[in-house]
Amino acid sequence: MAKIWNEEIECMSLEDMKKLQSERLVKQVKHVYENVPYYKDLMDKKGVKPEDIQSVDDLHKLPFLTKADLRDAYPYGLLAKPLSECVRIQSTSGTTGKRVVAFYTQNDIDLWEDCCARAITAVGGTEEDVCQVCYGYGLFTGGPGLNGGSHKVGCLTLPMSSGNTERQIQFMCDLESTILCCTPSYAAYIGETLHDMGYTPDDIKLKAGIFGAEPWTEEMRRSIEKSLGIKAYDIYGLTETSGPGVSFECEEQTGMHINEDHFIPEIIDPETGEVLPDGTVGELVFTSITKEAFPLLRYRTRDLCVLSRKKCSCGRTLIKMSKPMGRSDDMLIIRGVNVFPSQIETVLIEQGYTPNYLIEVDRKNNTDTLDVNVEMTAEQSAEDAAAIQEREKQLAVAMKTMLGINPKVHLVAPKSITRSEGKAVRVIDKRKLHD
Ligand code: DLL
């Protein structure tokens, strides 16, 4: 059986897990009601009192919390502990609107790092490993979270942060890193640079990667696994719920086990808020039942996925979530059709292109336009103009089959699309500029 960080919890029976969740939920609701006037107000408006919540079966009675609430309550409105008991903040990049600022007590940090330690153990990490962390450090939760998890496991930790890719590879070779933690788009870039520097996967000791913080496809997984000679595992989380480690993949690589002893998941219909049964696609909602400083109840993530209690061969009983297809607000509506960037990525890699692409959406003469710029490999770019035009046509047909609408495909020169060292920007929606 796989090595497990906390077997008692990770392999707990459903009955015992529900009991544990219920105990923690009852306590948490009371804590929040008594210490967070903003959420007390929401509960009062909905006519729910802490006594109404006796077990996880009562969860649906609580009001939802949304990103808009976080903005309204910024910065201290959802804090449930005195600032004097908080030891850290982390924050989102805040490209649109106000940043989300999350607060942690020392206990919150310990539990968060524990979740990340579970993720590292699940990919085979032990104190024998060298764990190279190339998520950004600082306000972003990726670096600090995996760094803490790596320490807990006892790995030799390389706190690289992102960027300076040649140096990353030099360290990887010299210090014989065995586990790589970064975004999948950065992992692809590291793989590309490794080859450009004249190395092959045989020259490095990496065995596993823990990649998350952005949506990525199965095709992208295979492409990274090949270029780095590793197994690539998914990890999920968000600043609002502490950071990475809310869920993680095991050796089965068929979805991410959710750390249910800390986060109770629900899937809801994003339109009506109705709770949906396991196996149905919907919006993921989390209730943190152990966090002290910033405990969000029924927080709507806007991430779309499916939950499953199918038995897992690794021995863990923790519920699994599928790869998020992206946020509901990342979905592009083009000429009335729903398009996820991940669908375009799937087609590209299947057709032998690299995952270097940029999607541009615009509105011309009252019609939405979709342009997909795709980088060619060096061999493809050596072909004559007619062959390249033919490639563009073929790619457009394959995308039309996947998306149901006609894109315009532009094959562009190798290395002309900016590489990502963190979360990749894949879409420019110019329609927003005109609105
Ligand atoms: O991205 C935390 C994180 C760091 C997760 C490192 C994994 C690894 P935020 O910046 O707050 O936090 O962004 C959270 O990123 O709601 C999802 O939309 C997306 N996301 C995170 N992990 C995945 C994943 C971090 N594995 C938002 N697959 C979430 C798809 C993901 N999307």
# chains A, B, ... in the order shown; residues from 1 in each chain; ligands from 1
>>> residues_near_ligand(ligand="ligand 1", cutoff="7 Å", atoms="only C-alpha atoms and all ligand atoms", output="PyMOL selection string")
chain A and resi 92-93+135+140-142+183+211-216+234-240+243-245+301-303+323-327
>>> write_last_selection(atoms="N, CA and C atoms", output="PDB file, in the first residue's frame")
ATOM      1  N   THR A  92      -4.167  36.940  -2.733  1.00  0.00           N
ATOM      2  CA  THR A  92      -4.252  36.608  -4.165  1.00  0.00           C
ATOM      3  C   THR A  92      -3.554  37.704  -4.964  1.00  0.00           C
ATOM      4  N   SER A  93      -3.364  37.427  -6.248  1.00  0.00           N
ATOM      5  CA  SER A  93      -2.672  38.417  -7.076  1.00  0.00           C
ATOM      6  C   SER A  93      -3.541  39.647  -7.323  1.00  0.00           C
ATOM      7  N   TYR A 135       7.069  27.350  -7.053  1.00  0.00           N
ATOM      8  CA  TYR A 135       5.920  28.259  -7.007  1.00  0.00           C
ATOM      9  C   TYR A 135       6.447  29.568  -6.459  1.00  0.00           C
ATOM     10  N   PHE A 140       1.704  35.060  -2.530  1.00  0.00           N
ATOM     11  CA  PHE A 140       1.087  33.885  -3.152  1.00  0.00           C
ATOM     12  C   PHE A 140       1.293  32.679  -2.240  1.00  0.00           C
ATOM     13  N   THR A 141       0.257  31.838  -2.150  1.00  0.00           N
ATOM     14  CA  THR A 141       0.301  30.727  -1.189  1.00  0.00           C
ATOM     15  C   THR A 141       1.106  29.521  -1.676  1.00  0.00           C
ATOM     16  N   GLY A 142       1.390  29.463  -2.995  1.00  0.00           N
ATOM     17  CA  GLY A 142       2.040  28.270  -3.561  1.00  0.00           C
ATOM     18  C   GLY A 142       3.380  27.951  -2.922  1.00  0.00           C
ATOM     19  N   THR A 183       3.672  25.564 -11.157  1.00  0.00           N
ATOM     20  CA  THR A 183       2.459  25.498 -11.976  1.00  0.00           C
ATOM     21  C   THR A 183       2.739  24.573 -13.166  1.00  0.00           C
ATOM     22  N   PHE A 211       1.806  19.731  -9.405  1.00  0.00           N
ATOM     23  CA  PHE A 211       1.488  20.893 -10.228  1.00  0.00           C
ATOM     24  C   PHE A 211       0.036  21.331 -10.035  1.00  0.00           C
ATOM     25  N   GLY A 212      -0.170  22.615  -9.831  1.00  0.00           N
ATOM     26  CA  GLY A 212      -1.531  23.121  -9.661  1.00  0.00           C
ATOM     27  C   GLY A 212      -1.543  24.627  -9.739  1.00  0.00           C
ATOM     28  N   ALA A 213      -2.613  25.225  -9.241  1.00  0.00           N
ATOM     29  CA  ALA A 213      -2.841  26.675  -9.220  1.00  0.00           C
ATOM     30  C   ALA A 213      -3.473  27.184 -10.496  1.00  0.00           C
ATOM     31  N   GLU A 214      -3.622  26.318 -11.496  1.00  0.00           N
ATOM     32  CA  GLU A 214      -4.288  26.721 -12.752  1.00  0.00           C
ATOM     33  C   GLU A 214      -4.822  25.455 -13.416  1.00  0.00           C
ATOM     34  N   PRO A 215      -5.832  25.623 -14.272  1.00  0.00           N
ATOM     35  CA  PRO A 215      -6.363  24.433 -14.945  1.00  0.00           C
ATOM     36  C   PRO A 215      -5.355  23.856 -15.934  1.00  0.00           C
ATOM     37  N   TRP A 216      -5.304  22.535 -16.028  1.00  0.00           N
ATOM     38  CA  TRP A 216      -4.436  21.875 -17.012  1.00  0.00           C
ATOM     39  C   TRP A 216      -5.087  20.571 -17.420  1.00  0.00           C
ATOM     40  N   ASP A 234      -1.595  16.360  -9.683  1.00  0.00           N
ATOM     41  CA  ASP A 234      -2.340  17.609  -9.537  1.00  0.00           C
ATOM     42  C   ASP A 234      -2.483  17.972  -8.057  1.00  0.00           C
ATOM     43  N   ILE A 235      -2.537  19.246  -7.795  1.00  0.00           N
ATOM     44  CA  ILE A 235      -2.826  19.726  -6.425  1.00  0.00           C
ATOM     45  C   ILE A 235      -3.705  20.957  -6.556  1.00  0.00           C
ATOM     46  N   TYR A 236      -4.645  21.103  -5.627  1.00  0.00           N
ATOM     47  CA  TYR A 236      -5.627  22.182  -5.745  1.00  0.00           C
ATOM     48  C   TYR A 236      -5.757  22.922  -4.420  1.00  0.00           C
ATOM     49  N   GLY A 237      -6.120  24.159  -4.532  1.00  0.00           N
ATOM     50  CA  GLY A 237      -6.426  24.945  -3.340  1.00  0.00           C
ATOM     51  C   GLY A 237      -6.646  26.386  -3.726  1.00  0.00           C
ATOM     52  N   LEU A 238      -7.058  27.193  -2.780  1.00  0.00           N
ATOM     53  CA  LEU A 238      -7.225  28.621  -3.052  1.00  0.00           C
ATOM     54  C   LEU A 238      -6.907  29.414  -1.794  1.00  0.00           C
ATOM     55  N   THR A 239      -6.499  30.644  -2.006  1.00  0.00           N
ATOM     56  CA  THR A 239      -6.087  31.488  -0.888  1.00  0.00           C
ATOM     57  C   THR A 239      -7.166  31.516   0.197  1.00  0.00           C
ATOM     58  N   GLU A 240      -8.407  31.609  -0.222  1.00  0.00           N
ATOM     59  CA  GLU A 240      -9.507  31.755   0.718  1.00  0.00           C
ATOM     60  C   GLU A 240      -9.604  30.579   1.698  1.00  0.00           C
ATOM     61  N   GLY A 243      -4.781  27.841   0.875  1.00  0.00           N
ATOM     62  CA  GLY A 243      -3.798  27.735  -0.202  1.00  0.00           C
ATOM     63  C   GLY A 243      -3.765  26.326  -0.751  1.00  0.00           C
ATOM     64  N   PRO A 244      -2.628  25.904  -1.353  1.00  0.00           N
ATOM     65  CA  PRO A 244      -2.563  24.560  -1.926  1.00  0.00           C
ATOM     66  C   PRO A 244      -2.762  23.504  -0.838  1.00  0.00           C
ATOM     67  N   GLY A 245      -3.257  22.338  -1.234  1.00  0.00           N
ATOM     68  CA  GLY A 245      -3.378  21.249  -0.270  1.00  0.00           C
ATOM     69  C   GLY A 245      -4.801  20.997   0.178  1.00  0.00           C
ATOM     70  N   THR A 301     -16.475  28.676  -4.624  1.00  0.00           N
ATOM     71  CA  THR A 301     -15.167  28.826  -5.274  1.00  0.00           C
ATOM     72  C   THR A 301     -15.273  29.300  -6.720  1.00  0.00           C
ATOM     73  N   ARG A 302     -16.407  29.063  -7.340  1.00  0.00           N
ATOM     74  CA  ARG A 302     -16.650  29.300  -8.777  1.00  0.00           C
ATOM     75  C   ARG A 302     -15.929  28.274  -9.647  1.00  0.00           C
ATOM     76  N   ASP A 303     -15.231  27.324  -9.030  1.00  0.00           N
ATOM     77  CA  ASP A 303     -14.592  26.247  -9.806  1.00  0.00           C
ATOM     78  C   ASP A 303     -15.616  25.158 -10.093  1.00  0.00           C
ATOM     79  N   LYS A 323     -10.474  17.100 -11.870  1.00  0.00           N
ATOM     80  CA  LYS A 323      -9.735  18.312 -12.250  1.00  0.00           C
ATOM     81  C   LYS A 323     -10.755  19.421 -12.496  1.00  0.00           C
ATOM     82  N   PRO A 324     -10.592  20.599 -11.888  1.00  0.00           N
ATOM     83  CA  PRO A 324     -11.538  21.677 -12.227  1.00  0.00           C
ATOM     84  C   PRO A 324     -11.391  22.047 -13.699  1.00  0.00           C
ATOM     85  N   MET A 325     -12.505  22.282 -14.336  1.00  0.00           N
ATOM     86  CA  MET A 325     -12.424  22.635 -15.764  1.00  0.00           C
ATOM     87  C   MET A 325     -12.084  24.096 -15.915  1.00  0.00           C
ATOM     88  N   GLY A 326     -11.919  24.769 -14.821  1.00  0.00           N
ATOM     89  CA  GLY A 326     -11.700  26.210 -14.865  1.00  0.00           C
ATOM     90  C   GLY A 326     -12.799  26.846 -14.062  1.00  0.00           C
ATOM     91  N   ARG A 327     -12.652  28.121 -13.806  1.00  0.00           N
ATOM     92  CA  ARG A 327     -13.669  28.822 -13.035  1.00  0.00           C
ATOM     93  C   ARG A 327     -14.855  29.101 -13.926  1.00  0.00           C
TER      94      ARG A 327
END
>>> residues_around(residues="Gln253 (chain A)", least_positions_apart="4", cutoff="10 Å", atoms="only C-alpha atoms", output="list in words")
Val123, Glu218, Lys231, Ala232, Tyr233, Asp234, Phe248 and Glu249 of chain A
>>> residues_around(residues="Leu296 (chain A)", least_positions_apart="5", cutoff="10 Å", atoms="only C-alpha atoms", output="PyMOL selection string")
chain A and resi 28-29+32+39+64-66+70+78-80+240-241+263+286-289+291
>>> atom_distance(atom1="CA of Ile89 (chain A)", atom2="CA of Thr121 (chain A)")
26.0 Å
>>> residues_around(residues="Asn366 (chain A)", least_positions_apart="2", cutoff="12 Å", atoms="only C-alpha atoms", output="list of chain:residue names")
A:Ile334, A:Arg335, A:Asp362, A:Arg363, A:Lys364, A:Asp368, A:Thr369, A:Arg431, A:His434, A:Asp435
>>> closest_residue(among="A:Tyr299, A:Trp5, A:Trp112, A:Phe294", to="Leu62 (chain A)", atoms="only C-alpha atoms")
A:Tyr299
>>> closest_residue(among="A:Leu180, A:Val337, A:Leu146, A:Val48", to="Lys61 (chain A)", atoms="only C-alpha atoms")
A:Val48
>>> residues_around(residues="Pro63 (chain A)", least_positions_apart="3", cutoff="10 Å", atoms="only C-alpha atoms", output="PDB file with N, CA, C and O atoms, in the first residue's frame")
ATOM      1  N   TYR A  39     -20.769  37.547   9.158  1.00  0.00           N
ATOM      2  CA  TYR A  39     -21.433  36.270   8.876  1.00  0.00           C
ATOM      3  C   TYR A  39     -22.649  36.065   9.790  1.00  0.00           C
ATOM      4  O   TYR A  39     -23.654  35.493   9.369  1.00  0.00           O
ATOM      5  N   LEU A  42     -25.450  37.555   8.022  1.00  0.00           N
ATOM      6  CA  LEU A  42     -25.946  36.705   6.937  1.00  0.00           C
ATOM      7  C   LEU A  42     -26.813  35.578   7.500  1.00  0.00           C
ATOM      8  O   LEU A  42     -27.863  35.246   6.948  1.00  0.00           O
ATOM      9  N   MET A  43     -26.367  34.994   8.610  1.00  0.00           N
ATOM     10  CA  MET A  43     -27.143  33.898   9.225  1.00  0.00           C
ATOM     11  C   MET A  43     -28.470  34.428   9.764  1.00  0.00           C
ATOM     12  O   MET A  43     -29.512  33.805   9.576  1.00  0.00           O
ATOM     13  N   ASP A  44     -28.416  35.579  10.417  1.00  0.00           N
ATOM     14  CA  ASP A  44     -29.651  36.151  10.965  1.00  0.00           C
ATOM     15  C   ASP A  44     -30.649  36.444   9.847  1.00  0.00           C
ATOM     16  O   ASP A  44     -31.843  36.162   9.974  1.00  0.00           O
ATOM     17  N   LYS A  45     -30.114  36.979   8.729  1.00  0.00           N
ATOM     18  CA  LYS A  45     -31.006  37.301   7.596  1.00  0.00           C
ATOM     19  C   LYS A  45     -31.663  36.032   7.062  1.00  0.00           C
ATOM     20  O   LYS A  45     -32.802  36.055   6.595  1.00  0.00           O
ATOM     21  N   LYS A  46     -30.927  34.916   7.124  1.00  0.00           N
ATOM     22  CA  LYS A  46     -31.480  33.655   6.615  1.00  0.00           C
ATOM     23  C   LYS A  46     -32.290  32.930   7.693  1.00  0.00           C
ATOM     24  O   LYS A  46     -32.897  31.885   7.446  1.00  0.00           O
ATOM     25  N   GLY A  47     -32.310  33.493   8.901  1.00  0.00           N
ATOM     26  CA  GLY A  47     -33.066  32.886  10.006  1.00  0.00           C
ATOM     27  C   GLY A  47     -32.434  31.606  10.526  1.00  0.00           C
ATOM     28  O   GLY A  47     -33.153  30.698  10.956  1.00  0.00           O
ATOM     29  N   VAL A  48     -31.101  31.508  10.472  1.00  0.00           N
ATOM     30  CA  VAL A  48     -30.423  30.301  10.993  1.00  0.00           C
ATOM     31  C   VAL A  48     -29.642  30.668  12.248  1.00  0.00           C
ATOM     32  O   VAL A  48     -28.933  31.680  12.262  1.00  0.00           O
ATOM     33  N   LEU A  59     -25.730  21.334   6.924  1.00  0.00           N
ATOM     34  CA  LEU A  59     -24.861  22.324   6.260  1.00  0.00           C
ATOM     35  C   LEU A  59     -25.635  23.219   5.288  1.00  0.00           C
ATOM     36  O   LEU A  59     -25.422  24.426   5.217  1.00  0.00           O
ATOM     37  N   HIS A  60     -26.547  22.592   4.539  1.00  0.00           N
ATOM     38  CA  HIS A  60     -27.281  23.336   3.502  1.00  0.00           C
ATOM     39  C   HIS A  60     -28.107  24.494   4.063  1.00  0.00           C
ATOM     40  O   HIS A  60     -28.527  25.371   3.321  1.00  0.00           O
ATOM     41  N   THR A  66     -19.556  34.568  -0.797  1.00  0.00           N
ATOM     42  CA  THR A  66     -19.016  34.696  -2.154  1.00  0.00           C
ATOM     43  C   THR A  66     -17.807  35.632  -2.142  1.00  0.00           C
ATOM     44  O   THR A  66     -17.529  36.295  -1.145  1.00  0.00           O
ATOM     45  N   LEU A 297     -17.354  29.783   5.743  1.00  0.00           N
ATOM     46  CA  LEU A 297     -18.399  28.756   5.713  1.00  0.00           C
ATOM     47  C   LEU A 297     -19.119  28.828   4.370  1.00  0.00           C
ATOM     48  O   LEU A 297     -19.500  29.902   3.922  1.00  0.00           O
ATOM     49  N   ARG A 298     -19.287  27.695   3.752  1.00  0.00           N
ATOM     50  CA  ARG A 298     -19.989  27.564   2.448  1.00  0.00           C
ATOM     51  C   ARG A 298     -19.472  28.604   1.439  1.00  0.00           C
ATOM     52  O   ARG A 298     -20.232  29.354   0.833  1.00  0.00           O
ATOM     53  N   TYR A 299     -18.177  28.604   1.251  1.00  0.00           N
ATOM     54  CA  TYR A 299     -17.570  29.557   0.319  1.00  0.00           C
ATOM     55  C   TYR A 299     -17.664  29.047  -1.118  1.00  0.00           C
ATOM     56  O   TYR A 299     -17.253  27.933  -1.433  1.00  0.00           O
TER      57      TYR A 299
END
>>> select_by_dssp(residues="region 158-390 of chain A", states="strand (DSSP E or B)", output="number ranges by chain")
A: 158-159, 179-182, 208-212, 231-238, 243-249, 256-258, 263-268, 275, 282-288, 299-305, 307-308, 320-321, 327, 332-334, 337-339, 357-364, 367-375
>>> write_last_selection(atoms="C-alpha atoms", output="PDB file, in the first residue's frame")
ATOM      1  CA  LEU A 158      14.980  24.034  -2.213  1.00  0.00           C
ATOM      2  CA  PRO A 159      13.005  27.286  -1.830  1.00  0.00           C
ATOM      3  CA  ILE A 179      10.258  16.321  -6.602  1.00  0.00           C
ATOM      4  CA  LEU A 180       9.321  19.480  -8.480  1.00  0.00           C
ATOM      5  CA  CYS A 181       6.540  21.808  -7.314  1.00  0.00           C
ATOM      6  CA  CYS A 182       5.317  24.574  -9.666  1.00  0.00           C
ATOM      7  CA  ALA A 208       7.454  13.376  -9.474  1.00  0.00           C
ATOM      8  CA  GLY A 209       5.906  16.803  -9.933  1.00  0.00           C
ATOM      9  CA  ILE A 210       3.170  18.471  -7.892  1.00  0.00           C
ATOM     10  CA  PHE A 211       1.488  20.893 -10.228  1.00  0.00           C
ATOM     11  CA  GLY A 212      -1.531  23.121  -9.661  1.00  0.00           C
ATOM     12  CA  LYS A 231       4.858  11.332 -12.953  1.00  0.00           C
ATOM     13  CA  ALA A 232       2.882  14.583 -12.828  1.00  0.00           C
ATOM     14  CA  TYR A 233       0.332  14.998 -10.026  1.00  0.00           C
ATOM     15  CA  ASP A 234      -2.340  17.609  -9.537  1.00  0.00           C
ATOM     16  CA  ILE A 235      -2.826  19.726  -6.425  1.00  0.00           C
ATOM     17  CA  TYR A 236      -5.627  22.182  -5.745  1.00  0.00           C
ATOM     18  CA  GLY A 237      -6.426  24.945  -3.340  1.00  0.00           C
ATOM     19  CA  LEU A 238      -7.225  28.621  -3.052  1.00  0.00           C
ATOM     20  CA  GLY A 243      -3.798  27.735  -0.202  1.00  0.00           C
ATOM     21  CA  PRO A 244      -2.563  24.560  -1.926  1.00  0.00           C
ATOM     22  CA  GLY A 245      -3.378  21.249  -0.270  1.00  0.00           C
ATOM     23  CA  VAL A 246      -7.154  21.450  -0.043  1.00  0.00           C
ATOM     24  CA  SER A 247      -6.939  18.401  -2.302  1.00  0.00           C
ATOM     25  CA  PHE A 248      -4.177  16.360  -3.921  1.00  0.00           C
ATOM     26  CA  GLU A 249      -3.653  13.490  -6.289  1.00  0.00           C
ATOM     27  CA  MET A 256      -7.749  14.767  -6.114  1.00  0.00           C
ATOM     28  CA  HIS A 257      -8.517  13.528  -2.600  1.00  0.00           C
ATOM     29  CA  ILE A 258     -10.023  16.350  -0.555  1.00  0.00           C
ATOM     30  CA  PHE A 263     -12.737  21.176   4.346  1.00  0.00           C
ATOM     31  CA  ILE A 264     -16.279  19.925   3.722  1.00  0.00           C
ATOM     32  CA  PRO A 265     -17.015  20.028  -0.011  1.00  0.00           C
ATOM     33  CA  GLU A 266     -20.395  20.466  -1.684  1.00  0.00           C
ATOM     34  CA  ILE A 267     -21.321  20.736  -5.343  1.00  0.00           C
ATOM     35  CA  ILE A 268     -24.084  23.189  -6.154  1.00  0.00           C
ATOM     36  CA  VAL A 275     -26.965  21.098  -3.661  1.00  0.00           C
ATOM     37  CA  GLY A 282     -21.370  21.941 -10.577  1.00  0.00           C
ATOM     38  CA  GLU A 283     -19.720  24.674  -8.559  1.00  0.00           C
ATOM     39  CA  LEU A 284     -17.486  23.577  -5.727  1.00  0.00           C
ATOM     40  CA  VAL A 285     -18.294  25.025  -2.292  1.00  0.00           C
ATOM     41  CA  PHE A 286     -16.072  24.616   0.783  1.00  0.00           C
ATOM     42  CA  THR A 287     -16.642  24.970   4.490  1.00  0.00           C
ATOM     43  CA  SER A 288     -13.448  25.133   6.540  1.00  0.00           C
ATOM     44  CA  TYR A 299     -17.570  29.557   0.319  1.00  0.00           C
ATOM     45  CA  ARG A 300     -18.412  29.480  -3.393  1.00  0.00           C
ATOM     46  CA  THR A 301     -15.167  28.826  -5.274  1.00  0.00           C
ATOM     47  CA  ARG A 302     -16.650  29.300  -8.777  1.00  0.00           C
ATOM     48  CA  ASP A 303     -14.592  26.247  -9.806  1.00  0.00           C
ATOM     49  CA  LEU A 304     -16.567  23.663 -11.734  1.00  0.00           C
ATOM     50  CA  CYS A 305     -15.942  19.971 -11.049  1.00  0.00           C
ATOM     51  CA  LEU A 307     -17.127  14.791  -6.633  1.00  0.00           C
ATOM     52  CA  SER A 308     -16.767  11.024  -6.378  1.00  0.00           C
ATOM     53  CA  LYS A 320     -12.170  12.893  -4.725  1.00  0.00           C
ATOM     54  CA  MET A 321     -12.794  15.925  -6.920  1.00  0.00           C
ATOM     55  CA  ARG A 327     -13.669  28.822 -13.035  1.00  0.00           C
ATOM     56  CA  LEU A 332     -15.764  32.258 -22.547  1.00  0.00           C
ATOM     57  CA  ILE A 333     -19.099  32.750 -24.197  1.00  0.00           C
ATOM     58  CA  ILE A 334     -18.369  33.194 -27.873  1.00  0.00           C
ATOM     59  CA  VAL A 337     -21.313  28.987 -27.203  1.00  0.00           C
ATOM     60  CA  ASN A 338     -19.507  28.082 -23.964  1.00  0.00           C
ATOM     61  CA  VAL A 339     -15.787  27.663 -24.562  1.00  0.00           C
ATOM     62  CA  TYR A 357      -0.846  29.319 -27.255  1.00  0.00           C
ATOM     63  CA  LEU A 358      -2.748  32.539 -26.790  1.00  0.00           C
ATOM     64  CA  ILE A 359      -6.457  32.933 -27.317  1.00  0.00           C
ATOM     65  CA  GLU A 360      -7.771  36.325 -28.442  1.00  0.00           C
ATOM     66  CA  VAL A 361     -11.450  37.100 -28.332  1.00  0.00           C
ATOM     67  CA  ASP A 362     -12.894  40.277 -29.784  1.00  0.00           C
ATOM     68  CA  ARG A 363     -16.128  41.688 -31.164  1.00  0.00           C
ATOM     69  CA  LYS A 364     -16.156  43.025 -34.716  1.00  0.00           C
ATOM     70  CA  THR A 367     -19.984  39.417 -33.986  1.00  0.00           C
ATOM     71  CA  ASP A 368     -17.637  37.679 -31.564  1.00  0.00           C
ATOM     72  CA  THR A 369     -14.324  36.595 -33.057  1.00  0.00           C
ATOM     73  CA  LEU A 370     -12.028  33.846 -31.802  1.00  0.00           C
ATOM     74  CA  ASP A 371      -8.375  33.864 -32.835  1.00  0.00           C
ATOM     75  CA  VAL A 372      -6.030  31.179 -31.586  1.00  0.00           C
ATOM     76  CA  ASN A 373      -2.302  31.836 -31.899  1.00  0.00           C
ATOM     77  CA  VAL A 374      -0.377  28.603 -31.734  1.00  0.00           C
ATOM     78  CA  GLU A 375       3.345  28.223 -31.652  1.00  0.00           C
TER      79      GLU A 375
END
>>> atom_distance(atom1="CA of Ile428 (chain A)", atom2="CA of Gln343 (chain A)")
16.1 Å
>>> atom_distance(atom1="CA of His31 (chain A)", atom2="CA of Ile53 (chain A)")
12.5 Å
>>> residues_around(residues="Gly163 (chain A)", least_positions_apart="3", cutoff="12 Å", atoms="only C-alpha atoms", output="ChimeraX atom specification")
/A:133-137,159-160,166-169,182-183,186-187,189-190,193,419-422
>>> write_last_selection(atoms="C-alpha atoms", output="JSON list (two decimals), in the first residue's frame")
[["chain", "number", "residue", "atom", "x", "y", "z"],
["A", 133, "VAL", "CA", 9.67, 24.44, -4.85],
["A", 134, "CYS", "CA", 9.32, 26.82, -7.82],
["A", 135, "TYR", "CA", 5.92, 28.26, -7.01],
["A", 136, "GLY", "CA", 6.15, 31.95, -6.24],
["A", 137, "TYR", "CA", 7.01, 32.82, -2.64],
["A", 159, "PRO", "CA", 13.01, 27.29, -1.83],
["A", 160, "MET", "CA", 13.66, 28.45, -5.40],
["A", 166, "GLU", "CA", 18.34, 28.01, -16.33],
["A", 167, "ARG", "CA", 19.39, 28.36, -12.71],
["A", 168, "GLN", "CA", 16.45, 26.15, -11.70],
["A", 169, "ILE", "CA", 17.78, 23.46, -14.01],
["A", 182, "CYS", "CA", 5.32, 24.57, -9.67],
["A", 183, "THR", "CA", 2.46, 25.50, -11.98],
["A", 186, "TYR", "CA", 5.99, 26.52, -15.65],
["A", 187, "ALA", "CA", 6.74, 22.78, -15.57],
["A", 189, "TYR", "CA", 8.62, 25.66, -19.69],
["A", 190, "ILE", "CA", 11.22, 23.99, -17.46],
["A", 193, "THR", "CA", 14.45, 24.72, -21.31],
["A", 419, "ARG", "CA", 6.35, 31.63, -21.36],
["A", 420, "SER", "CA", 4.76, 31.50, -17.93],
["A", 421, "GLU", "CA", 6.71, 31.19, -14.70],
["A", 422, "GLY", "CA", 3.54, 31.22, -12.60]]
>>> residues_around(residues="Lys19 (chain A)", least_positions_apart="6", cutoff="12 Å", atoms="only C-alpha atoms", output="list of chain:residue names")
A:Met12, A:Ser13, A:Leu25, A:Val26, A:Gln54, A:Ser55, A:Val56, A:Asp57, A:Glu260, A:Asp261
>>> closest_residue(among="A:Glu251, A:Leu206, A:Gly336, A:Thr280", to="Gly124 (chain A)", atoms="only C-alpha atoms")
A:Glu251
>>> closest_residue(among="A:Ala68, A:Ala293, A:Leu348, A:Leu111", to="Lys81 (chain A)", atoms="only C-alpha atoms")
A:Ala293
>>> closest_residue(among="A:Lys207, A:His410, A:Arg426, A:Lys226", to="His195 (chain A)", atoms="only C-alpha atoms")
A:Lys226
